[in-house]
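The next block is coords_16.pdb, given as PDB, C-alpha atoms.
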ATOM      1  CA  MET A  26     -11.249  11.845 -14.109
ATOM      2  CA  LEU A  27      -9.192  12.342 -10.940
ATOM      3  CA  LYS A  28      -5.842  11.848 -12.620
ATOM      4  CA  SER A  29      -6.768  14.064 -15.566
ATOM      5  CA  LYS A  30      -7.251  16.976 -13.193
ATOM      6  CA  ILE A  31      -3.941  16.130 -11.513
ATOM      7  CA  TYR A  32      -2.216  16.292 -14.918
ATOM      8  CA  LEU A  33      -3.451  19.851 -15.360
ATOM      9  CA  LEU A  34      -2.253  20.938 -11.909
ATOM     10  CA  VAL A  35       1.129  19.331 -12.487
ATOM     11  CA  PHE A  36       1.537  20.807 -15.954
ATOM     12  CA  PHE A  37       0.678  24.392 -15.072
ATOM     13  CA  PHE A  38       2.572  24.381 -11.767
ATOM     14  CA  LEU A  39       5.826  23.112 -13.224
ATOM     15  CA  THR A  40       5.681  25.124 -16.428
ATOM     16  CA  SER A  41       5.041  28.269 -14.372
ATOM     17  CA  LEU A  42       8.436  27.745 -12.729
ATOM     18  CA  PHE A  43      10.123  27.881 -16.119
ATOM     19  CA  SER A  44       8.104  30.782 -17.464
ATOM     20  CA  SER A  45       8.602  32.840 -14.303
ATOM     21  CA  GLY A  46      12.366  32.576 -14.610
ATOM     22  CA  GLN A  47      12.785  30.818 -11.253
ATOM     23  CA  ILE A  48      13.962  27.778 -13.143
ATOM     24  CA  ASP A  49      14.985  27.846 -16.793
ATOM     25  CA  SER A  50      16.178  25.225 -19.250
ATOM     26  CA  ILE A  51      19.779  26.431 -19.611
ATOM     27  CA  PRO A  52      22.316  23.964 -18.100
ATOM     28  CA  GLN A  53      25.067  25.361 -15.855
ATOM     29  CA  LYS A  54      28.625  24.052 -15.817
ATOM     30  CA  GLU A  55      29.257  24.756 -12.129
ATOM     31  CA  PHE A  56      27.204  23.411  -9.246
ATOM     32  CA  ASN A  57      25.205  26.201  -7.611
ATOM     33  CA  PRO A  58      24.004  25.316  -4.112
ATOM     34  CA  TYR A  59      21.461  28.159  -4.055
ATOM     35  CA  LYS A  60      19.853  27.059  -7.301
ATOM     36  CA  PHE A  61      19.946  23.449  -6.143
ATOM     37  CA  GLY A  62      18.259  24.489  -2.914
ATOM     38  CA  ALA A  63      15.544  26.256  -4.908
ATOM     39  CA  VAL A  64      14.992  23.184  -7.085
ATOM     40  CA  ALA A  65      15.020  20.726  -4.179
ATOM     41  CA  GLY A  66      12.802  22.930  -2.032
ATOM     42  CA  THR A  67      10.290  23.563  -4.792
ATOM     43  CA  GLY A  68      10.173  19.904  -5.790
ATOM     44  CA  THR A  69       9.779  18.704  -2.201
ATOM     45  CA  ALA A  70       7.074  21.273  -1.438
ATOM     46  CA  PHE A  71       5.188  20.356  -4.601
ATOM     47  CA  TYR A  72       5.485  16.612  -3.998
ATOM     48  CA  GLY A  73       4.532  16.756  -0.346
ATOM     49  CA  GLY A  74       1.842  19.375  -0.782
ATOM     50  CA  MET A  75       0.111  17.528  -3.601
ATOM     51  CA  LEU A  76       0.093  14.209  -1.744
ATOM     52  CA  VAL A  77      -1.167  15.768   1.489
ATOM     53  CA  GLY A  78      -3.828  17.665  -0.440
ATOM     54  CA  LEU A  79      -4.957  14.547  -2.268
ATOM     55  CA  SER A  80      -5.103  12.378   0.834
ATOM     56  CA  THR A  81      -6.974  14.945   2.942
ATOM     57  CA  VAL A  82      -9.173  16.785   0.423
ATOM     58  CA  TRP A  83      -9.467  15.039  -2.931
ATOM     59  CA  TYR A  84     -10.329  11.607  -1.534
ATOM     60  CA  GLN A  85     -12.511  12.903   1.292
ATOM     61  CA  ASP A  86     -15.768  11.657  -0.283
ATOM     62  CA  ASN A  87     -14.306   8.251  -1.152
ATOM     63  CA  HIS A  88     -14.205   5.119   0.981
ATOM     64  CA  ARG A  89     -10.857   3.921   2.296
ATOM     65  CA  THR A  90     -10.172   0.206   2.059
ATOM     66  CA  ALA A  91      -7.314  -2.288   1.958
ATOM     67  CA  PHE A  92      -4.855  -1.812  -0.869
ATOM     68  CA  HIS A  93      -6.159  -3.408  -4.064
ATOM     69  CA  PHE A  94      -5.639  -3.378  -7.817
ATOM     70  CA  THR A  95      -8.085  -2.591 -10.590
ATOM     71  CA  ASN A  96      -8.113  -3.523 -14.266
ATOM     72  CA  ASP A  97      -8.831  -0.432 -16.359
ATOM     73  CA  ASN A  98      -6.871  -1.521 -19.423
ATOM     74  CA  ALA A  99      -9.809  -1.087 -21.799
ATOM     75  CA  ASP A 100     -10.882   2.342 -20.529
ATOM     76  CA  TRP A 101     -10.989   5.260 -22.978
ATOM     77  CA  MET A 102      -9.357   3.179 -25.719
ATOM     78  CA  GLN A 103      -6.046   3.619 -23.843
ATOM     79  CA  ILE A 104      -5.868   7.387 -24.394
ATOM     80  CA  ASP A 105      -5.550   7.825 -20.624
ATOM     81  CA  LYS A 106      -2.501   5.532 -20.632
ATOM     82  CA  TYR A 107      -0.807   7.778 -23.163
ATOM     83  CA  GLY A 108      -1.655  10.631 -20.801
ATOM     84  CA  HIS A 109       0.128   8.843 -17.954
ATOM     85  CA  ALA A 110       3.229   8.280 -20.074
ATOM     86  CA  TYR A 111       3.219  11.851 -21.369
ATOM     87  CA  THR A 112       2.867  13.285 -17.851
ATOM     88  CA  CYS A 113       5.835  11.275 -16.569
ATOM     89  CA  TYR A 114       7.906  12.168 -19.628
ATOM     90  CA  THR A 115       7.121  15.880 -19.302
ATOM     91  CA  MET A 116       7.624  16.043 -15.534
ATOM     92  CA  GLY A 117      10.855  14.116 -15.910
ATOM     93  CA  LYS A 118      12.120  16.464 -18.603
ATOM     94  CA  MET A 119      11.420  19.473 -16.412
ATOM     95  CA  GLY A 120      13.018  17.791 -13.418
ATOM     96  CA  MET A 121      16.098  16.870 -15.444
ATOM     97  CA  GLN A 122      16.530  20.378 -16.850
ATOM     98  CA  SER A 123      15.956  21.912 -13.407
ATOM     99  CA  LEU A 124      18.837  19.913 -11.955
ATOM    100  CA  ARG A 125      21.021  20.816 -14.937
ATOM    101  CA  TRP A 126      20.116  24.474 -14.319
ATOM    102  CA  ALA A 127      21.431  24.005 -10.772
ATOM    103  CA  GLY A 128      24.710  22.570 -12.092
ATOM    104  CA  VAL A 129      24.133  18.961 -10.994
ATOM    105  CA  LYS A 130      26.348  16.482 -12.853
ATOM    106  CA  ASP A 131      24.616  15.367 -15.991
ATOM    107  CA  LYS A 132      24.134  11.657 -15.265
ATOM    108  CA  LYS A 133      22.655  12.391 -11.848
ATOM    109  CA  ALA A 134      20.434  15.093 -13.338
ATOM    110  CA  ILE A 135      19.177  12.631 -15.943
ATOM    111  CA  VAL A 136      18.423   9.787 -13.518
ATOM    112  CA  TYR A 137      17.125  11.704 -10.492
ATOM    113  CA  GLY A 138      15.335  14.429 -12.401
ATOM    114  CA  GLY A 139      14.160  12.185 -15.214
ATOM    115  CA  PHE A 140      12.299   9.810 -12.914
ATOM    116  CA  PHE A 141      10.626  12.532 -10.820
ATOM    117  CA  GLY A 142       7.395  12.110 -12.784
ATOM    118  CA  PHE A 143       7.438   8.356 -12.264
ATOM    119  CA  LEU A 144       7.974   8.786  -8.515
ATOM    120  CA  PHE A 145       5.130  11.276  -8.243
ATOM    121  CA  MET A 146       2.609   9.305 -10.311
ATOM    122  CA  THR A 147       3.536   6.048  -8.520
ATOM    123  CA  SER A 148       2.708   7.723  -5.211
ATOM    124  CA  ILE A 149      -0.715   8.702  -6.567
ATOM    125  CA  GLU A 150      -1.254   5.145  -7.786
ATOM    126  CA  ILE A 151      -0.571   3.864  -4.272
ATOM    127  CA  LEU A 152      -3.108   6.329  -2.896
ATOM    128  CA  ASP A 153      -5.652   5.144  -5.476
ATOM    129  CA  GLY A 154      -5.107   1.577  -4.327
ATOM    130  CA  HIS A 155      -6.414   2.411  -0.862
ATOM    131  CA  TYR A 156      -9.834   3.649  -2.012
ATOM    132  CA  THR A 157     -12.817   1.557  -3.065
ATOM    133  CA  GLU A 158     -13.775   3.873  -5.933
ATOM    134  CA  TRP A 159     -10.354   3.688  -7.554
ATOM    135  CA  GLY A 160      -7.743   0.978  -7.086
ATOM    136  CA  ALA A 161      -4.159   0.836  -8.282
ATOM    137  CA  SER A 162      -3.831   0.113 -11.993
ATOM    138  CA  PRO A 163      -0.893  -2.071 -13.107
ATOM    139  CA  MET A 164      -1.231  -0.737 -16.651
ATOM    140  CA  ASP A 165      -1.037   2.831 -15.341
ATOM    141  CA  MET A 166       2.261   1.872 -13.722
ATOM    142  CA  VAL A 167       3.520   0.435 -17.007
ATOM    143  CA  ALA A 168       2.542   3.656 -18.759
ATOM    144  CA  ASN A 169       4.228   5.759 -16.072
ATOM    145  CA  ALA A 170       7.437   3.764 -16.389
ATOM    146  CA  SER A 171       7.406   3.925 -20.189
ATOM    147  CA  GLY A 172       7.262   7.727 -20.138
ATOM    148  CA  GLY A 173      10.200   7.963 -17.760
ATOM    149  CA  LEU A 174      12.224   5.351 -19.635
ATOM    150  CA  LEU A 175      11.664   7.059 -22.989
ATOM    151  CA  LEU A 176      13.215  10.212 -21.582
ATOM    152  CA  VAL A 177      16.010   8.760 -19.452
ATOM    153  CA  GLY A 178      16.942   5.995 -21.885
ATOM    154  CA  GLN A 179      17.522   8.411 -24.747
ATOM    155  CA  GLU A 180      19.541  10.812 -22.618
ATOM    156  CA  LEU A 181      21.823   8.048 -21.350
ATOM    157  CA  ALA A 182      22.208   6.370 -24.747
ATOM    158  CA  PHE A 183      22.309   9.362 -27.117
ATOM    159  CA  LYS A 184      22.675  12.429 -24.838
ATOM    160  CA  LYS A 185      19.623  13.946 -26.531
ATOM    161  CA  GLN A 186      15.979  13.301 -27.327
ATOM    162  CA  ILE A 187      15.755  11.805 -30.805
ATOM    163  CA  VAL A 188      12.081  11.051 -30.132
ATOM    164  CA  THR A 189      10.176  13.779 -28.294
ATOM    165  CA  PHE A 190       6.839  12.868 -26.712
ATOM    166  CA  LYS A 191       4.314  15.581 -27.649
ATOM    167  CA  PHE A 192       0.662  16.429 -27.078
ATOM    168  CA  SER A 193      -2.042  18.216 -29.049
ATOM    169  CA  TYR A 194      -5.734  18.866 -28.578
ATOM    170  CA  SER A 195      -8.589  19.821 -30.888
ATOM    171  CA  HIS A 196     -12.089  20.737 -29.727
ATOM    172  CA  THR A 197     -14.866  18.183 -30.281
ATOM    173  CA  ASP A 198     -18.654  18.445 -30.068
ATOM    174  CA  LEU A 199     -19.025  15.319 -27.944
ATOM    175  CA  ALA A 200     -18.706  17.026 -24.567
ATOM    176  CA  LYS A 201     -22.145  18.601 -25.000
ATOM    177  CA  TYR A 202     -23.711  15.146 -24.646
ATOM    178  CA  ARG A 203     -22.043  14.389 -21.303
ATOM    179  CA  PRO A 204     -20.497  17.601 -19.903
ATOM    180  CA  GLY A 205     -20.250  16.081 -16.439
ATOM    181  CA  VAL A 206     -17.845  13.477 -17.824
ATOM    182  CA  LEU A 207     -16.140  15.246 -20.735
ATOM    183  CA  GLY A 208     -16.024  18.759 -19.315
ATOM    184  CA  GLU A 209     -18.253  21.807 -19.192
ATOM    185  CA  THR A 210     -15.731  24.571 -19.923
ATOM    186  CA  ASN A 211     -13.016  24.700 -22.588
ATOM    187  CA  MET A 212     -10.316  24.233 -19.942
ATOM    188  CA  GLU A 213     -12.075  21.191 -18.489
ATOM    189  CA  ARG A 214     -12.513  19.704 -21.958
ATOM    190  CA  LEU A 215      -8.807  20.093 -22.644
ATOM    191  CA  ILE A 216      -8.048  17.543 -19.932
ATOM    192  CA  GLU A 217     -11.272  15.533 -19.700
ATOM    193  CA  ASP A 218     -12.408  15.101 -23.313
ATOM    194  CA  TYR A 219     -10.149  12.277 -24.431
ATOM    195  CA  ASN A 220     -11.743  12.456 -27.892
ATOM    196  CA  GLY A 221      -9.776  15.606 -28.672
ATOM    197  CA  GLN A 222      -6.406  14.498 -27.307
ATOM    198  CA  LYS A 223      -3.602  13.228 -29.531
ATOM    199  CA  PHE A 224      -0.173  11.971 -28.539
ATOM    200  CA  TRP A 225       2.834  12.097 -30.850
ATOM    201  CA  PHE A 226       6.284  10.516 -31.008
ATOM    202  CA  SER A 227       8.037  13.324 -32.838
ATOM    203  CA  THR A 228      11.246  11.941 -34.356
ATOM    204  CA  ASN A 229      14.129  14.158 -35.436
ATOM    205  CA  LEU A 230      15.229  13.191 -38.942
ATOM    206  CA  LYS A 231      18.672  14.783 -38.765
ATOM    207  CA  SER A 232      19.492  12.691 -35.688
ATOM    208  CA  ILE A 233      18.816   9.537 -37.713
ATOM    209  CA  PHE A 234      20.162  10.569 -41.120
ATOM    210  CA  LYS A 235      23.247  12.349 -39.844
ATOM    211  CA  ASN A 236      25.000  12.588 -43.206
ATOM    212  CA  SER A 237      22.060  14.147 -45.045
ATOM    213  CA  GLU A 238      23.261  17.735 -45.275
ATOM    214  CA  TRP A 239      20.082  18.891 -46.992
ATOM    215  CA  LEU A 240      17.946  18.014 -43.963
ATOM    216  CA  PRO A 241      17.318  20.936 -41.594
ATOM    217  CA  SER A 242      18.200  20.094 -38.008
ATOM    218  CA  TRP A 243      14.718  21.037 -36.761
ATOM    219  CA  LEU A 244      12.634  18.869 -39.130
ATOM    220  CA  ASN A 245      10.724  15.992 -37.497
ATOM    221  CA  VAL A 246       8.291  13.318 -38.580
ATOM    222  CA  ALA A 247       5.651  12.415 -36.018
ATOM    223  CA  PRO A 248       3.519   9.271 -35.808
ATOM    224  CA  GLY A 249       0.563   9.839 -33.493
ATOM    225  CA  TYR A 250      -2.443   8.212 -31.869
ATOM    226  CA  GLY A 251      -5.950   9.371 -30.958
ATOM    227  CA  ALA A 252      -9.467   8.003 -30.528
ATOM    228  CA  TYR A 253     -12.981   9.339 -31.034
ATOM    229  CA  GLY A 254     -16.599   8.617 -30.184
ATOM    230  CA  MET A 255     -16.083   7.950 -26.455
ATOM    231  CA  LEU A 256     -18.884   9.147 -24.183
ATOM    232  CA  SER A 257     -17.748   6.882 -21.350
ATOM    233  CA  ALA A 258     -14.753   4.758 -20.452
ATOM    234  CA  LYS A 259     -15.874   1.451 -22.000
ATOM    235  CA  GLU A 260     -19.262   1.529 -23.770
ATOM    236  CA  ASN A 261     -21.339   4.553 -24.670
ATOM    237  CA  PRO A 262     -24.543   4.846 -22.639
ATOM    238  CA  LEU A 263     -27.962   4.961 -24.298
ATOM    239  CA  TYR A 264     -29.169   7.919 -22.257
ATOM    240  CA  ALA A 265     -27.693  11.162 -20.997
ATOM    241  CA  SER A 266     -27.839  12.069 -17.310
ATOM    242  CA  ASN A 267     -30.998  14.136 -17.939
ATOM    243  CA  GLY A 268     -32.764  11.153 -19.519
ATOM    244  CA  ASP A 269     -32.421  12.246 -23.159
ATOM    245  CA  LEU A 270     -31.678   9.543 -25.700
ATOM    246  CA  LEU A 271     -28.087   9.843 -26.944
ATOM    247  CA  PRO A 272     -27.337   9.530 -30.683
ATOM    248  CA  PRO A 273     -25.421   6.435 -31.876
ATOM    249  CA  ILE A 274     -21.741   7.352 -32.131
ATOM    250  CA  ASP A 275     -19.043   5.064 -33.506
ATOM    251  CA  ARG A 276     -16.006   4.595 -31.297
ATOM    252  CA  TYR A 277     -12.821   4.334 -33.357
ATOM    253  CA  ARG A 278      -9.062   4.693 -33.172
ATOM    254  CA  SER A 279      -7.008   7.012 -35.374
ATOM    255  CA  TYR A 280      -3.371   6.705 -36.375
ATOM    256  CA  TYR A 281      -1.504   9.692 -37.742
ATOM    257  CA  LEU A 282       1.659  10.513 -39.639
ATOM    258  CA  SER A 283       2.643  14.157 -39.672
ATOM    259  CA  LEU A 284       5.487  16.599 -40.077
ATOM    260  CA  ASP A 285       6.652  18.467 -36.992
ATOM    261  CA  ILE A 286       9.268  20.955 -35.804
ATOM    262  CA  ASP A 287      11.783  20.314 -33.035
ATOM    263  CA  LEU A 288      11.872  23.817 -31.604
ATOM    264  CA  GLU A 289      14.837  23.013 -29.361
ATOM    265  CA  LYS A 290      16.936  22.456 -32.478
ATOM    266  CA  ILE A 291      16.404  26.044 -33.656
ATOM    267  CA  LYS A 292      19.643  27.926 -32.992
ATOM    268  CA  THR A 293      19.453  31.120 -30.960
ATOM    269  CA  ASN A 294      21.717  32.978 -28.566
ATOM    270  CA  SER A 295      18.766  34.199 -26.527
ATOM    271  CA  LYS A 296      18.367  32.408 -23.188
ATOM    272  CA  PHE A 297      14.760  33.580 -23.087
ATOM    273  CA  LEU A 298      13.955  32.048 -26.477
ATOM    274  CA  LYS A 299      15.712  28.814 -25.541
ATOM    275  CA  SER A 300      13.461  28.482 -22.503
ATOM    276  CA  VAL A 301      10.374  29.379 -24.559
ATOM    277  CA  PHE A 302      11.288  26.784 -27.202
ATOM    278  CA  PHE A 303      11.858  24.206 -24.461
ATOM    279  CA  PHE A 304       8.341  24.783 -23.131
ATOM    280  CA  LEU A 305       6.603  24.947 -26.525
ATOM    281  CA  ASN A 306       8.383  21.799 -27.706
ATOM    282  CA  MET A 307       6.047  19.772 -25.486
ATOM    283  CA  ILE A 308       3.242  20.561 -27.953
ATOM    284  CA  LYS A 309       2.887  19.270 -31.511
ATOM    285  CA  VAL A 310       3.085  21.949 -34.220
ATOM    286  CA  PRO A 311       0.028  21.816 -36.548
ATOM    287  CA  LEU A 312       1.339  20.693 -39.950
ATOM    288  CA  PRO A 313       0.182  18.459 -42.849
ATOM    289  CA  THR A 314      -1.046  15.098 -41.536
ATOM    290  CA  ILE A 315      -2.296  11.778 -42.891
ATOM    291  CA  GLU A 316      -4.907   9.978 -40.773
ATOM    292  CA  VAL A 317      -5.920   6.324 -40.984
ATOM    293  CA  ASN A 318      -8.668   5.136 -38.646
ATOM    294  CA  SER A 319     -10.183   1.828 -37.581
ATOM    295  CA  LEU A 320     -13.321   2.558 -39.633
ATOM    296  CA  GLY A 321     -11.220   2.000 -42.735
ATOM    297  CA  GLU A 322     -11.014   5.676 -43.673
ATOM    298  CA  THR A 323      -7.937   7.554 -44.862
ATOM    299  CA  LYS A 324      -7.910  11.337 -44.563
ATOM    300  CA  PHE A 325      -5.478  14.140 -45.379
ATOM    301  CA  HIS A 326      -5.374  17.277 -43.221
ATOM    302  CA  ALA A 327      -3.499  20.337 -44.494
ATOM    303  CA  PHE A 328      -2.917  21.517 -40.908
ATOM    304  CA  TYR A 329      -3.854  19.221 -38.061
ATOM    305  CA  PHE A 330      -3.805  19.740 -34.322
TER     306      PHE A 330
END
Any chance you could give the structure as structure tokens?
Amino acid sequence: MLKSKIYLLVFFFLTSLFSSGQIDSIPQKEFNPYKFGAVAGTGTAFYGGMLVGLSTVWYQDNHRTAFHFTNDNADWMQIDKYGHAYTCYTMGKMGMQSLRWAGVKDKKAIVYGGFFGFLFMTSIEILDGHYTEWGASPMDMVANASGGLLLVGQELAFKKQIVTFKFSYSHTDLAKYRPGVLGETNMERLIEDYNGQKFWFSTNLKSIFKNSEWLPSWLNVAPGYGAYGMLSAKENPLYASNGDLLPPIDRYRSYYLSLDIDLEKIKTNSKFLKSVFFFLNMIKVPLPTIEVNSLGETKFHAFYF
């Protein structure tokens, strides 16, 4: 669960910069050395501070060893891999907009800012590779790269995000069976209970069907993925940590198709609202959803999150 906790720290730290007004999402036409200094200083302090903290505090109870790889491809029915990709996409988007806010030329802002998440998560993967309890995961690296490429590739090719990577979470009752693994508090469950996490590729319809005047510019359709029934990474245990027999729970994958709203496409002259919409657009809007799962079930949800 190490990386899950890192996701939370990353998410709240970076989003606090936007919400506090230190960095907003409004691009500037002229290069501003003071704003650039603030962005570079904040990014460097965050990057260095997190890595120093991890290497001296977080890993202190682990055993250092020669660099090695680990195969965790089957863990958590790949929900954690989506989390890696989403983290890199989100960090990259914030990095890109931060450099634009400082007036950095757009292509440089896209490339250097857009791959900030990949750089950061790659550094953590290298740290993992030097500890017996962890190991560097090649599939984590693939997921990290895919998140960065989804962001940067679209910006370079289309100068916008036709597909926006989004996240949603709904509370489950599974954490009560293994709170030490899936979280004891609501905040811990948000990042540790993979059963409640969903990841969406929210696609803007107007960007695809450009000549359809009847389509609102903010309307999206969002395919998504989630999984349920996971009390451990690979196979559910028979007994809880206290010795109680656990109930049989089916592990299954769910695939979704839903409507969504691209909040950044909503027109407003307010700089404050533009920054708010930028932040909120990382989260899927609860709207009518069709679910098909690997148990063979098809469900309709009027409003799904």
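When the distance limit is 8 Å and only C-alpha atoms are what count, the residues near region 275-287 of chain A, minus those fewer than 5 positions from it on the same chain, are Met102, Ser227, Asn229, Trp243, Leu244, Asn245, Val246, Ala247, Pro248, Gly249, Tyr250, Gly251, Ala252, Tyr253, Gly254, Met255, Asn306, Lys309, Val310, Pro311, Leu312, Pro313, Thr314, Ile315, Glu316, Val317, Asn318, Ser319 and Leu320 of chain A.
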**Q.** Point-to-point distance in Å for CA of Gly321 (chain A) and CA of Phe224 (chain A)
**A.**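 CA of Gly321 (chain A) lies 20.6 Å from CA of Phe224 (chain A).
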Q: List, as number ranges by chain, every residue that the PyMOL selection byres ((chain A and resi 197) around 12) selects in the file provided.
A: A: 194-196, 198-202, 204, 207-208, 211, 214-215, 217-222, 252-256, 330
Restricting the output to C-alpha atoms, write the selected residues as a PDB file, in the coordinates of the input.
ATOM      1  CA  TYR A 194      -5.734  18.866 -28.578  1.00  0.00           C
ATOM      2  CA  SER A 195      -8.589  19.821 -30.888  1.00  0.00           C
ATOM      3  CA  HIS A 196     -12.089  20.737 -29.727  1.00  0.00           C
ATOM      4  CA  ASP A 198     -18.654  18.445 -30.068  1.00  0.00           C
ATOM      5  CA  LEU A 199     -19.025  15.319 -27.944  1.00  0.00           C
ATOM      6  CA  ALA A 200     -18.706  17.026 -24.567  1.00  0.00           C
ATOM      7  CA  LYS A 201     -22.145  18.601 -25.000  1.00  0.00           C
ATOM      8  CA  TYR A 202     -23.711  15.146 -24.646  1.00  0.00           C
ATOM      9  CA  PRO A 204     -20.497  17.601 -19.903  1.00  0.00           C
ATOM     10  CA  LEU A 207     -16.140  15.246 -20.735  1.00  0.00           C
ATOM     11  CA  GLY A 208     -16.024  18.759 -19.315  1.00  0.00           C
ATOM     12  CA  ASN A 211     -13.016  24.700 -22.588  1.00  0.00           C
ATOM     13  CA  ARG A 214     -12.513  19.704 -21.958  1.00  0.00           C
ATOM     14  CA  LEU A 215      -8.807  20.093 -22.644  1.00  0.00           C
ATOM     15  CA  GLU A 217     -11.272  15.533 -19.700  1.00  0.00           C
ATOM     16  CA  ASP A 218     -12.408  15.101 -23.313  1.00  0.00           C
ATOM     17  CA  TYR A 219     -10.149  12.277 -24.431  1.00  0.00           C
ATOM     18  CA  ASN A 220     -11.743  12.456 -27.892  1.00  0.00           C
ATOM     19  CA  GLY A 221      -9.776  15.606 -28.672  1.00  0.00           C
ATOM     20  CA  GLN A 222      -6.406  14.498 -27.307  1.00  0.00           C
ATOM     21  CA  ALA A 252      -9.467   8.003 -30.528  1.00  0.00           C
ATOM     22  CA  TYR A 253     -12.981   9.339 -31.034  1.00  0.00           C
ATOM     23  CA  GLY A 254     -16.599   8.617 -30.184  1.00  0.00           C
ATOM     24  CA  MET A 255     -16.083   7.950 -26.455  1.00  0.00           C
ATOM     25  CA  LEU A 256     -18.884   9.147 -24.183  1.00  0.00           C
ATOM     26  CA  PHE A 330      -3.805  19.740 -34.322  1.00  0.00           C
TER      27      PHE A 330
END
Taking all atoms of region 202-215 of chain A that the file lists, what box with edges along x, y and z, padded by 8 Å per side, do you get, with centre and edge lengths in Å to one decimal, as AutoDock Vina command-line options?
--center_x -16.3 --center_y 19.1 --center_z -20.5 --size_x 30.9 --size_y 27.2 --size_z 24.2
Q) So what do you get for CA of Gly142 (chain A) versus CA of Met116 (chain A), distance-wise? A)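 Separation between CA of Gly142 (chain A) and CA of Met116 (chain A): 4.8 Å.
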Q) How far is it from CA of Ile135 (chain A) to CA of Gly154 (chain A), in Å with one decimal? A)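 Separating CA of Ile135 (chain A) from CA of Gly154 (chain A) is a distance of 29.1 Å.
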